[in-house]
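Have a look at my_file04.cif below; it lists mmCIF, C-alpha atoms.
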data_protein
#
loop_
_atom_site.label_atom_id
_atom_site.label_comp_id
_atom_site.auth_asym_id
_atom_site.auth_seq_id
_atom_site.Cartn_x
_atom_site.Cartn_y
_atom_site.Cartn_z
CA MET A 630 -0.08 96.03 -36.78
CA THR A 631 0.54 95.47 -40.48
CA TYR A 632 3.01 97.83 -42.14
CA SER A 633 2.56 98.92 -45.74
CA VAL A 634 5.70 98.49 -47.86
CA ALA A 635 6.98 99.85 -51.14
CA VAL A 636 10.05 98.41 -52.86
CA SER A 637 11.86 100.42 -55.52
CA GLY A 638 14.18 98.70 -57.96
CA ALA A 639 11.83 95.73 -57.73
CA SER A 640 12.83 94.24 -61.07
CA GLY A 641 16.50 93.86 -60.04
CA TYR A 642 18.29 91.19 -58.06
CA ALA A 643 18.36 93.00 -54.71
CA GLY A 644 14.76 94.14 -55.12
CA GLY A 645 13.69 90.62 -55.98
CA GLU A 646 15.40 89.20 -52.91
CA LEU A 647 13.75 91.81 -50.71
CA LEU A 648 10.37 90.82 -52.13
CA ARG A 649 11.06 87.10 -51.69
CA LEU A 650 11.76 87.56 -47.99
CA LEU A 651 9.06 90.17 -47.35
CA ALA A 652 6.43 87.95 -49.00
CA ASP A 653 6.65 85.64 -45.97
CA HIS A 654 6.80 88.38 -43.35
CA PRO A 655 3.60 88.34 -41.28
CA ASP A 656 3.83 92.00 -40.26
CA VAL A 657 4.09 93.64 -43.67
CA GLU A 658 1.95 94.05 -46.77
CA ILE A 659 3.75 94.66 -50.06
CA ARG A 660 1.56 97.28 -51.68
CA THR A 661 3.80 98.93 -54.25
CA VAL A 662 6.71 97.88 -56.46
CA THR A 663 8.51 100.33 -58.71
CA ALA A 664 11.12 100.34 -61.46
CA HIS A 665 12.51 102.64 -64.14
CA SER A 666 12.63 101.22 -67.67
CA ASN A 667 10.45 98.27 -66.68
CA ALA A 668 7.62 100.40 -65.24
CA GLY A 669 4.20 99.39 -66.53
CA GLN A 670 5.07 95.70 -66.80
CA PRO A 671 3.93 92.89 -64.50
CA LEU A 672 6.36 92.15 -61.68
CA ILE A 673 6.10 88.45 -62.51
CA ALA A 674 7.61 89.12 -65.94
CA HIS A 675 10.89 90.09 -64.26
CA GLN A 676 10.67 88.02 -61.06
CA PRO A 677 9.00 84.80 -62.27
CA HIS A 678 9.95 82.99 -59.05
CA LEU A 679 7.73 85.29 -56.96
CA ARG A 680 4.45 83.54 -57.69
CA SER A 681 2.60 84.96 -54.68
CA LEU A 682 3.21 88.50 -55.96
CA ALA A 683 1.91 87.94 -59.49
CA HIS A 684 -0.85 90.50 -58.92
CA LEU A 685 1.62 93.41 -58.68
CA THR A 686 2.53 95.74 -61.53
CA LEU A 687 5.74 97.75 -61.62
CA GLN A 688 5.07 101.47 -61.29
CA ASP A 689 7.32 104.44 -61.97
CA THR A 690 9.89 105.24 -59.30
CA THR A 691 8.83 108.67 -58.09
CA PRO A 692 8.63 110.28 -54.65
CA GLU A 693 4.88 110.62 -55.09
CA ILE A 694 4.38 106.88 -55.65
CA LEU A 695 6.76 105.87 -52.86
CA SER A 696 5.29 108.30 -50.33
CA GLY A 697 2.40 107.31 -48.10
CA HIS A 698 3.79 103.91 -47.10
CA ASP A 699 4.99 102.92 -43.65
CA ILE A 700 8.24 101.46 -45.01
CA VAL A 701 10.14 102.11 -48.23
CA PHE A 702 13.06 100.01 -49.46
CA LEU A 703 15.30 101.59 -52.09
CA ALA A 704 17.12 98.94 -54.12
CA LEU A 705 18.63 101.31 -56.66
CA PRO A 706 22.10 101.67 -58.21
CA HIS A 707 24.63 103.69 -56.24
CA GLY A 708 24.08 107.42 -56.55
CA GLN A 709 20.35 107.18 -57.32
CA SER A 710 18.72 106.85 -53.90
CA GLY A 711 19.59 110.31 -52.63
CA GLN A 712 17.32 112.05 -55.11
CA TYR A 713 14.33 110.34 -53.48
CA THR A 714 15.22 110.14 -49.80
CA ASP A 715 14.89 113.84 -49.05
CA ALA A 716 11.34 113.81 -50.41
CA LEU A 717 10.11 110.84 -48.35
CA THR A 718 9.43 112.88 -45.23
CA ASP A 719 6.10 111.19 -44.51
CA VAL A 720 7.55 107.66 -44.52
CA LYS A 721 8.13 106.18 -41.07
CA LEU A 722 11.07 103.99 -42.09
CA VAL A 723 13.27 104.24 -45.19
CA ILE A 724 15.95 101.61 -45.87
CA ASP A 725 18.48 102.30 -48.61
CA CYS A 726 20.17 99.23 -50.08
CA GLY A 727 22.51 101.42 -52.15
CA ALA A 728 25.61 103.25 -51.03
CA ASP A 729 24.21 106.78 -50.83
CA HIS A 730 23.86 106.90 -47.03
CA ARG A 731 26.56 104.45 -45.86
CA LEU A 732 29.66 106.58 -45.54
CA THR A 733 30.18 109.08 -42.75
CA GLY A 734 32.99 110.96 -44.48
CA LYS A 735 32.53 113.20 -47.51
CA ASP A 736 36.17 112.77 -48.50
CA ASP A 737 35.69 109.01 -48.76
CA TRP A 738 32.54 109.51 -50.83
CA ASP A 739 34.27 111.91 -53.18
CA ALA A 740 37.27 109.60 -53.59
CA PHE A 741 35.36 106.37 -54.25
CA TYR A 742 31.95 107.41 -55.62
CA GLY A 743 31.70 111.08 -56.53
CA GLY A 744 28.56 113.13 -57.03
CA ASP A 745 26.37 114.54 -54.27
CA PHE A 746 27.20 113.47 -50.72
CA HIS A 747 24.19 112.57 -48.56
CA GLU A 748 23.96 112.41 -44.80
CA PRO A 749 24.95 109.06 -43.24
CA TRP A 750 22.17 106.88 -41.90
CA THR A 751 22.23 104.16 -39.23
CA TYR A 752 24.29 101.30 -40.60
CA GLY A 753 22.39 98.05 -41.06
CA VAL A 754 24.71 95.31 -39.76
CA PRO A 755 23.33 94.46 -36.29
CA GLU A 756 26.12 92.09 -35.21
CA LEU A 757 28.99 94.54 -35.65
CA ILE A 758 30.86 95.57 -32.51
CA VAL A 759 30.80 99.34 -32.03
CA GLY A 760 32.57 100.68 -28.97
CA ASP A 761 31.22 98.81 -25.96
CA GLY A 762 28.06 97.65 -27.70
CA ARG A 763 26.59 96.37 -30.93
CA GLN A 764 25.20 98.09 -33.97
CA ARG A 765 21.76 96.64 -33.18
CA ASP A 766 21.57 99.05 -30.23
CA ARG A 767 21.74 101.95 -32.68
CA LEU A 768 19.18 100.34 -34.98
CA ALA A 769 16.48 100.15 -32.31
CA GLY A 770 13.94 102.85 -33.17
CA ALA A 771 15.88 104.05 -36.23
CA THR A 772 13.86 105.70 -38.99
CA ARG A 773 16.56 105.82 -41.68
CA ILE A 774 18.82 102.81 -42.30
CA ALA A 775 21.67 102.24 -44.74
CA ALA A 776 21.89 98.56 -45.66
CA PRO A 777 25.50 97.43 -46.12
CA GLY A 778 27.63 96.68 -49.12
CA CYS A 779 27.76 92.88 -49.33
CA ASN A 780 31.54 92.62 -49.60
CA ALA A 781 32.04 95.27 -46.94
CA SER A 782 29.83 93.67 -44.31
CA THR A 783 31.36 90.22 -44.97
CA VAL A 784 34.91 91.47 -44.40
CA SER A 785 33.90 93.71 -41.48
CA LEU A 786 32.12 90.86 -39.67
CA SER A 787 35.20 88.72 -40.28
CA LEU A 788 37.61 91.12 -38.60
CA VAL A 789 35.91 93.30 -35.99
CA PRO A 790 36.12 90.69 -33.19
CA GLY A 791 39.91 90.64 -33.48
CA VAL A 792 40.13 94.41 -33.66
CA ALA A 793 37.83 94.94 -30.67
CA ALA A 794 39.76 92.39 -28.59
CA GLY A 795 43.14 93.79 -29.62
CA VAL A 796 44.44 90.43 -30.89
CA ILE A 797 45.13 91.49 -34.50
CA ASP A 798 46.95 94.42 -36.08
CA PRO A 799 44.43 96.38 -38.19
CA SER A 800 47.20 98.18 -40.06
CA ASP A 801 48.09 95.02 -42.01
CA ILE A 802 44.94 93.37 -43.40
CA VAL A 803 44.62 91.42 -46.64
CA SER A 804 41.25 90.29 -47.99
CA VAL A 805 40.63 88.30 -51.16
CA LEU A 806 37.03 87.54 -52.08
CA ALA A 807 35.42 85.12 -54.52
CA VAL A 808 32.14 86.77 -55.51
CA GLY A 809 29.20 85.86 -57.73
CA PRO A 810 28.10 88.21 -60.53
CA SER A 811 24.65 88.90 -59.03
CA GLY A 812 26.42 91.40 -56.78
CA ALA A 813 26.93 93.59 -59.85
CA GLY A 814 23.20 93.89 -60.48
CA LYS A 815 20.94 92.79 -63.31
CA SER A 816 21.99 95.25 -66.02
CA LEU A 817 23.54 93.63 -69.07
CA LYS A 818 27.33 94.01 -69.10
CA PRO A 819 29.67 92.19 -71.52
CA ASN A 820 32.04 91.08 -68.75
CA LEU A 821 29.15 89.40 -66.91
CA LEU A 822 27.89 87.31 -69.83
CA ALA A 823 27.94 83.58 -69.22
CA SER A 824 30.41 83.08 -72.08
CA GLU A 825 32.81 85.47 -70.32
CA ILE A 826 32.64 84.15 -66.75
CA LEU A 827 32.01 80.41 -67.09
CA GLY A 828 35.24 78.51 -66.62
CA SER A 829 37.10 81.63 -65.54
CA ALA A 830 38.00 83.72 -62.51
CA ASN A 831 38.47 87.44 -63.02
CA PRO A 832 39.82 89.97 -60.50
CA TYR A 833 38.42 93.49 -60.61
CA ALA A 834 38.86 96.80 -58.80
CA VAL A 835 42.40 95.74 -57.91
CA GLY A 836 44.89 97.97 -56.14
CA GLY A 837 42.72 99.77 -53.60
CA SER A 838 40.02 101.06 -55.95
CA HIS A 839 36.99 99.04 -54.79
CA ARG A 840 34.21 101.21 -53.40
CA HIS A 841 33.65 99.03 -50.34
CA ILE A 842 37.10 99.77 -48.88
CA PRO A 843 36.13 102.95 -46.97
CA GLU A 844 33.02 101.19 -45.67
CA ILE A 845 35.19 98.41 -44.20
CA GLN A 846 37.62 100.92 -42.69
CA GLN A 847 34.68 102.79 -41.18
CA ALA A 848 33.45 99.61 -39.45
CA LEU A 849 36.93 98.75 -38.19
CA ARG A 850 37.33 102.22 -36.71
CA GLU A 851 34.01 101.81 -34.91
CA ALA A 852 35.45 98.61 -33.38
CA GLY A 853 38.52 100.46 -32.12
CA ALA A 854 41.04 100.51 -34.99
CA VAL A 855 42.95 103.79 -35.20
CA ASP A 856 44.38 103.58 -38.71
CA PRO A 857 43.00 100.47 -40.45
CA ARG A 858 44.69 99.57 -43.71
CA ILE A 859 43.43 96.87 -46.01
CA SER A 860 44.50 95.32 -49.30
CA PHE A 861 41.18 94.28 -50.83
CA THR A 862 40.88 92.16 -53.99
CA PRO A 863 37.54 90.79 -55.24
CA VAL A 864 37.53 88.01 -57.84
CA LEU A 865 34.49 87.31 -60.01
CA VAL A 866 33.79 83.57 -60.14
CA PRO A 867 31.10 81.56 -61.97
CA MET A 868 28.52 81.13 -59.20
CA ALA A 869 25.27 83.05 -59.42
CA ARG A 870 25.28 84.24 -55.82
CA GLY A 871 27.65 84.08 -52.90
CA ILE A 872 30.80 85.53 -51.35
CA LEU A 873 33.72 83.62 -49.91
CA ALA A 874 35.97 86.16 -48.18
CA THR A 875 39.43 85.11 -46.99
CA SER A 876 40.83 87.81 -44.71
CA SER A 877 44.08 87.75 -42.79
CA ALA A 878 45.74 90.10 -40.35
CA ARG A 879 48.99 90.08 -38.42
CA ILE A 880 48.70 88.69 -34.91
CA ALA A 881 49.08 91.38 -32.25
CA HIS A 882 52.19 91.11 -30.11
CA GLY A 883 51.67 88.73 -27.21
CA ALA A 884 48.24 87.43 -28.26
CA THR A 885 47.82 83.73 -27.50
CA ASP A 886 45.92 81.20 -29.58
CA ASP A 887 43.29 80.89 -26.84
CA GLU A 888 42.82 84.67 -26.70
CA ILE A 889 42.48 84.87 -30.46
CA ARG A 890 39.84 82.19 -30.80
CA ARG A 891 37.99 83.44 -27.73
CA ALA A 892 37.65 86.88 -29.34
CA TRP A 893 35.53 85.43 -32.14
CA GLN A 894 33.68 83.02 -29.86
CA ASP A 895 32.72 85.83 -27.49
CA ALA A 896 31.66 88.05 -30.39
CA TYR A 897 29.37 85.57 -32.11
CA GLY A 898 28.62 82.82 -29.58
CA ASP A 899 25.14 84.21 -28.92
CA GLU A 900 24.39 85.41 -32.45
CA THR A 901 21.85 83.65 -34.63
CA PHE A 902 22.94 84.80 -38.07
CA VAL A 903 26.74 84.92 -37.66
CA GLN A 904 28.17 81.56 -36.69
CA LEU A 905 31.76 80.57 -35.97
CA LEU A 906 32.44 77.01 -37.08
CA PRO A 907 34.30 74.53 -34.85
CA GLU A 908 38.07 74.65 -34.97
CA GLY A 909 39.42 73.09 -38.16
CA GLN A 910 36.25 73.65 -40.21
CA MET A 911 35.87 76.13 -43.05
CA PRO A 912 32.63 77.34 -44.69
CA ARG A 913 31.33 76.83 -48.22
CA THR A 914 29.17 79.25 -50.16
CA ALA A 915 26.86 76.36 -51.04
CA ASP A 916 25.77 76.15 -47.40
CA VAL A 917 24.45 79.73 -47.18
CA VAL A 918 22.52 80.09 -50.45
CA GLY A 919 19.18 81.70 -49.61
CA ALA A 920 20.05 81.99 -45.90
CA ASN A 921 20.56 85.07 -43.77
CA THR A 922 23.64 83.37 -42.35
CA ALA A 923 27.33 84.23 -42.29
CA LEU A 924 29.38 81.08 -41.66
CA MET A 925 32.91 81.72 -40.46
CA GLY A 926 36.04 79.63 -40.06
CA LEU A 927 39.14 80.77 -38.20
CA ALA A 928 42.73 79.55 -38.48
CA ILE A 929 45.87 80.72 -36.71
CA ASP A 930 48.97 80.63 -38.91
CA ARG A 931 51.84 80.97 -36.45
CA ALA A 932 54.44 80.40 -39.15
CA ALA A 933 53.24 83.52 -40.97
CA GLY A 934 52.22 85.30 -37.78
CA ARG A 935 48.69 85.85 -39.06
CA VAL A 936 45.06 85.11 -38.24
CA VAL A 937 43.04 83.87 -41.19
CA VAL A 938 39.25 84.21 -41.25
CA VAL A 939 37.16 82.67 -44.04
CA THR A 940 33.52 83.81 -44.23
CA ALA A 941 30.75 82.67 -46.57
CA VAL A 942 27.54 84.61 -47.17
CA ASP A 943 24.84 84.85 -49.79
CA ASN A 944 25.47 88.33 -51.18
CA LEU A 945 21.78 88.90 -51.93
CA THR A 946 20.49 87.65 -48.57
CA LYS A 947 22.78 88.28 -45.60
CA GLY A 948 24.81 90.62 -47.79
CA THR A 949 21.88 92.87 -48.74
CA ALA A 950 18.17 92.07 -48.44
CA GLY A 951 18.40 89.89 -45.34
CA ALA A 952 20.49 92.49 -43.52
CA ALA A 953 17.96 95.16 -44.52
CA ILE A 954 15.00 93.17 -43.20
CA GLN A 955 16.86 92.12 -40.05
CA SER A 956 17.56 95.81 -39.42
CA MET A 957 13.93 96.69 -40.18
CA ASN A 958 12.75 94.17 -37.59
CA ILE A 959 15.02 95.69 -34.95
CA ALA A 960 13.99 99.25 -35.80
CA LEU A 961 10.30 98.38 -35.47
CA GLY A 962 10.70 96.34 -32.28
CA LEU A 963 9.80 93.07 -34.00
CA PRO A 964 11.60 89.77 -33.40
CA GLU A 965 14.97 90.21 -35.11
CA GLY A 966 14.80 86.99 -37.10
CA ARG A 967 11.23 87.31 -38.36
CA ALA A 968 10.92 86.10 -41.99
CA LEU A 969 14.63 85.19 -42.04
CA SER A 970 16.16 81.73 -42.00
CA VAL A 971 19.52 80.31 -41.03
CA ASN A 972 18.90 77.40 -43.41
CA GLY A 973 20.33 77.39 -46.90
CA VAL A 974 19.20 75.57 -50.02
CA ALA A 975 21.01 72.40 -51.11
CA PRO A 976 22.22 70.93 -53.33
#
Please re-express this file's structure in structure tokens.
Amino acid sequence: MTYSVAVSGASGYAGGELLRLLADHPDVEIRTVTAHSNAGQPLIAHQPHLRSLAHLTLQDTTPEILSGHDIVFLALPHGQSGQYTDALTDVKLVIDCGADHRLTGKDDWDAFYGGDFHEPWTYGVPELIVGDGRQRDRLAGATRIAAPGCNASTVSLSLVPGVAAGVIDPSDIVSVLAVGPSGAGKSLKPNLLASEILGSANPYAVGGSHRHIPEIQQALREAGAVDPRISFTPVLVPMARGILATSSARIAHGATDDEIRRAWQDAYGDETFVQLLPEGQMPRTADVVGANTALMGLAIDRAAGRVVVVTAVDNLTKGTAGAAIQSMNIALGLPEGRALSVNGVAP
């Protein structure tokens, strides 16, 4: 069976990455691409790297145009998806790459986003530990999926093995992330101009204000944390795409080095797209560009009494579009890795 697909926000970075991956998916046909201010223009004018999709023209983003497809991807800014999702009742599978359906708690939404709160959808990070299972079990057969925040899923994947195994203290977590500006979207912003970011590193959303914090806490609670607390600091660095997240947590009383490392080995030993590197190795963002892979290094700092996990992902692939398509595959009963690669692009 071939599924018809519409992608909204197709002129943006996340929309473009969705289209790049979907273009090689044998089970889908990209029929419709939509945008707002760019509607009426050729897709190729905004995504010149997508040569196989040069025949497509950006249409207006309306419920009427998006309806009638088997699958709809919404790659819209936060707070804009909800106005469409309620109207897409005839669509078999809707995947929101924005934040509108990620959070389960209205209080968290009000505190970090504001505006209308929409019902939570099935969270699109298959490898996460939830209770006695994995999030992929919940994704099987899902009809509404919330793709993750790229920073949130990177930190959550880094820490949930230790939380689930009880070898770290989730009340004392510190995460510092080097992130590329593509995570902020394609809209022109003075602080994202090349002249502003080249040769510089700039922290933002410091002091507990980043919108991905409640999403991380939500994932940690699903893994068994009672009161997870995290100091979260993202730093904008001059690389087009990528996240390097360094997360540390206090070692739980009595946990041995073998128990700590085994927690991550057991969590990801059989996973394709989340890979724990051999002891002593740390990942680079260069090795995951274009890949649906999270590479992870683990160190045990006994002097500080902390576990340190360093994870590299491509924020547009594993952080957003790749996670969305991986979740789509699971929901439809297709091979989970279809149209996704563990191989990056180098140099």
Top pick for closest residue to Ser838 of chain A, considering A:Thr862, A:Ser710, A:Asn820, A:Thr885 and counting only C-alpha atoms: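 So, comparing all the options, the nearest one is A:Thr862.
The residues returned by the PyMOL selection byres ((chain A and resi 669) around 7) for this structure are Asn667, Ala668, Gln670, Pro671, Thr686, Leu687 and Gln688 of chain A.
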Expected selection from the PyMOL selection byres ((chain A and resi 649) around 10), given as a VMD selection string: chain A and resid 643 to 648 650 to 654 676 678 to 682 919 946 950 968
Close residues, segment 697-707 of chain A itself excluded, 8 Å, all atoms listed in the file, min 4 positions apart in chain, as a PyMOL selection string: chain A and resi 632-639+641+643-644+719-729
A:Phe861, A:Tyr713, A:Tyr642, A:Phe902 ranked by distance to Pro843 of chain A, top pick (using all atoms listed in the file):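 Closest candidate: A:Phe861.
By chain and then residue number, the residues within 7 Å of Thr914 of chain A are Gly871, Ile872, Leu873, Ala941 and Val942 of chain A, counting only C-alpha atoms and disregarding those fewer than 5 positions away in sequence.
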For segment 927-930 of chain A, please output as a short mmCIF file (atom, residue, chain, number, x, y, z; two decimals) with C-alpha atoms, in the frame of the given file all residues within 10 Å (counting only C-alpha atoms; exclusion window: fewer than 5 positions along the same chain).
data_model
loop_
_atom_site.label_atom_id
_atom_site.label_comp_id
_atom_site.auth_asym_id
_atom_site.auth_seq_id
_atom_site.Cartn_x
_atom_site.Cartn_y
_atom_site.Cartn_z
CA SER A 787 35.20 88.72 -40.28
CA THR A 875 39.43 85.11 -46.99
CA SER A 876 40.83 87.81 -44.71
CA SER A 877 44.08 87.75 -42.79
CA ARG A 879 48.99 90.08 -38.42
CA ILE A 880 48.70 88.69 -34.91
CA THR A 885 47.82 83.73 -27.50
CA ASP A 886 45.92 81.20 -29.58
CA ILE A 889 42.48 84.87 -30.46
CA ARG A 890 39.84 82.19 -30.80
CA TRP A 893 35.53 85.43 -32.14
CA LEU A 905 31.76 80.57 -35.97
CA LEU A 906 32.44 77.01 -37.08
CA PRO A 907 34.30 74.53 -34.85
CA GLU A 908 38.07 74.65 -34.97
CA GLY A 909 39.42 73.09 -38.16
CA GLN A 910 36.25 73.65 -40.21
CA MET A 911 35.87 76.13 -43.05
CA PRO A 912 32.63 77.34 -44.69
CA ARG A 935 48.69 85.85 -39.06
CA VAL A 936 45.06 85.11 -38.24
CA VAL A 937 43.04 83.87 -41.19
CA VAL A 938 39.25 84.21 -41.25
CA VAL A 939 37.16 82.67 -44.04
CA THR A 940 33.52 83.81 -44.23
#
Hits of the PyMOL selection byres ((chain A and resi 745-757) around 9) in this structure, as a PyMOL selection string: chain A and resi 708+711+724-725+729-735+738-739+743-744+758-759+762-768+771-777+782+785-786+789-790+848+851-852+896-897+900+902-903+952-953+955-957+959
Exercise: residues within 6 Å of coordinate (21.3, 85.5, -46.2), counting all atoms listed in the file, as a list in words: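 The answer, in the requested form, is Gly919, Ala920, Asn921, Thr922, Asp943, Thr946, Lys947 and Gly951 of chain A.
Residue nearest Ile845 of chain A within the list A:Ala874, A:Val805, A:Ala769, A:Leu788: A:Leu788 [criterion: smallest interatomic distance, all atoms listed in the file].
From atom CA of Thr949 of chain A back to atom CA of Ala807 of chain A, the distance works out to 16.6 Å.
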Atom CA of Ile673 of chain A to atom CA of Thr661 of chain A, straight-line distance in Å: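 Result for atom CA of Thr661 of chain A versus atom CA of Ile673 of chain A: 13.5 Å, one decimal.
Shortest separation to Pro677 of chain A among A:Asn780, A:Ser640, A:Thr691, A:Thr631 occurs at residue A:Ser640, atoms counted being only C-alpha atoms.
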Atomic distance atom CA of Gly973 of chain A - atom CA of Val917 of chain A, expressed in Å with one decimal: 4.7 Å
Can you patch up segment 827-846 of chain A, filling it in to N, CA and C atoms, and show the result as a CSV table (one decimal), in the frame of the given file?
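The new file rebuild.csv reads:
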chain,number,residue,atom,x,y,z
A,827,LEU,N,32.0,81.9,-67.3
A,827,LEU,CA,32.0,80.4,-67.1
A,827,LEU,C,33.4,79.9,-67.4
A,828,GLY,N,33.9,79.1,-66.5
A,828,GLY,CA,35.2,78.5,-66.6
A,828,GLY,C,36.4,79.5,-66.4
A,829,SER,N,36.1,80.6,-65.7
A,829,SER,CA,37.1,81.6,-65.5
A,829,SER,C,36.9,82.3,-64.2
A,830,ALA,N,38.0,82.9,-63.7
A,830,ALA,CA,38.0,83.7,-62.5
A,830,ALA,C,38.7,85.0,-62.9
A,831,ASN,N,38.0,86.1,-62.5
A,831,ASN,CA,38.5,87.4,-63.0
A,831,ASN,C,38.5,88.5,-61.9
A,832,PRO,N,39.7,88.9,-61.5
A,832,PRO,CA,39.8,90.0,-60.5
A,832,PRO,C,39.4,91.3,-61.1
A,833,TYR,N,38.8,92.1,-60.2
A,833,TYR,CA,38.4,93.5,-60.6
A,833,TYR,C,38.6,94.5,-59.5
A,834,ALA,N,38.6,95.7,-59.8
A,834,ALA,CA,38.9,96.8,-58.8
A,834,ALA,C,40.1,96.5,-57.9
A,835,VAL,N,41.2,96.1,-58.6
A,835,VAL,CA,42.4,95.7,-57.9
A,835,VAL,C,43.2,97.0,-57.6
A,836,GLY,N,44.0,96.9,-56.5
A,836,GLY,CA,44.9,98.0,-56.1
A,836,GLY,C,44.3,99.1,-55.3
A,837,GLY,N,43.3,98.8,-54.5
A,837,GLY,CA,42.7,99.8,-53.6
A,837,GLY,C,41.6,100.6,-54.2
A,838,SER,N,41.0,100.2,-55.3
A,838,SER,CA,40.0,101.1,-56.0
A,838,SER,C,38.6,100.6,-55.7
A,839,HIS,N,38.4,99.5,-55.0
A,839,HIS,CA,37.0,99.0,-54.8
A,839,HIS,C,36.2,100.0,-53.8
A,840,ARG,N,35.0,100.2,-54.2
A,840,ARG,CA,34.2,101.2,-53.4
A,840,ARG,C,33.9,100.8,-52.0
A,841,HIS,N,34.0,99.5,-51.7
A,841,HIS,CA,33.6,99.0,-50.3
A,841,HIS,C,34.8,99.2,-49.3
A,842,ILE,N,36.0,99.6,-49.8
A,842,ILE,CA,37.1,99.8,-48.9
A,842,ILE,C,36.8,100.8,-47.8
A,843,PRO,N,36.4,102.0,-48.1
A,843,PRO,CA,36.1,103.0,-47.0
A,843,PRO,C,35.0,102.5,-46.0
A,844,GLU,N,34.1,101.7,-46.5
A,844,GLU,CA,33.0,101.2,-45.7
A,844,GLU,C,33.6,100.2,-44.7
A,845,ILE,N,34.5,99.4,-45.1
A,845,ILE,CA,35.2,98.4,-44.2
A,845,ILE,C,36.0,99.2,-43.2
A,846,GLN,N,36.8,100.1,-43.6
A,846,GLN,CA,37.6,100.9,-42.7
A,846,GLN,C,36.8,101.6,-41.7
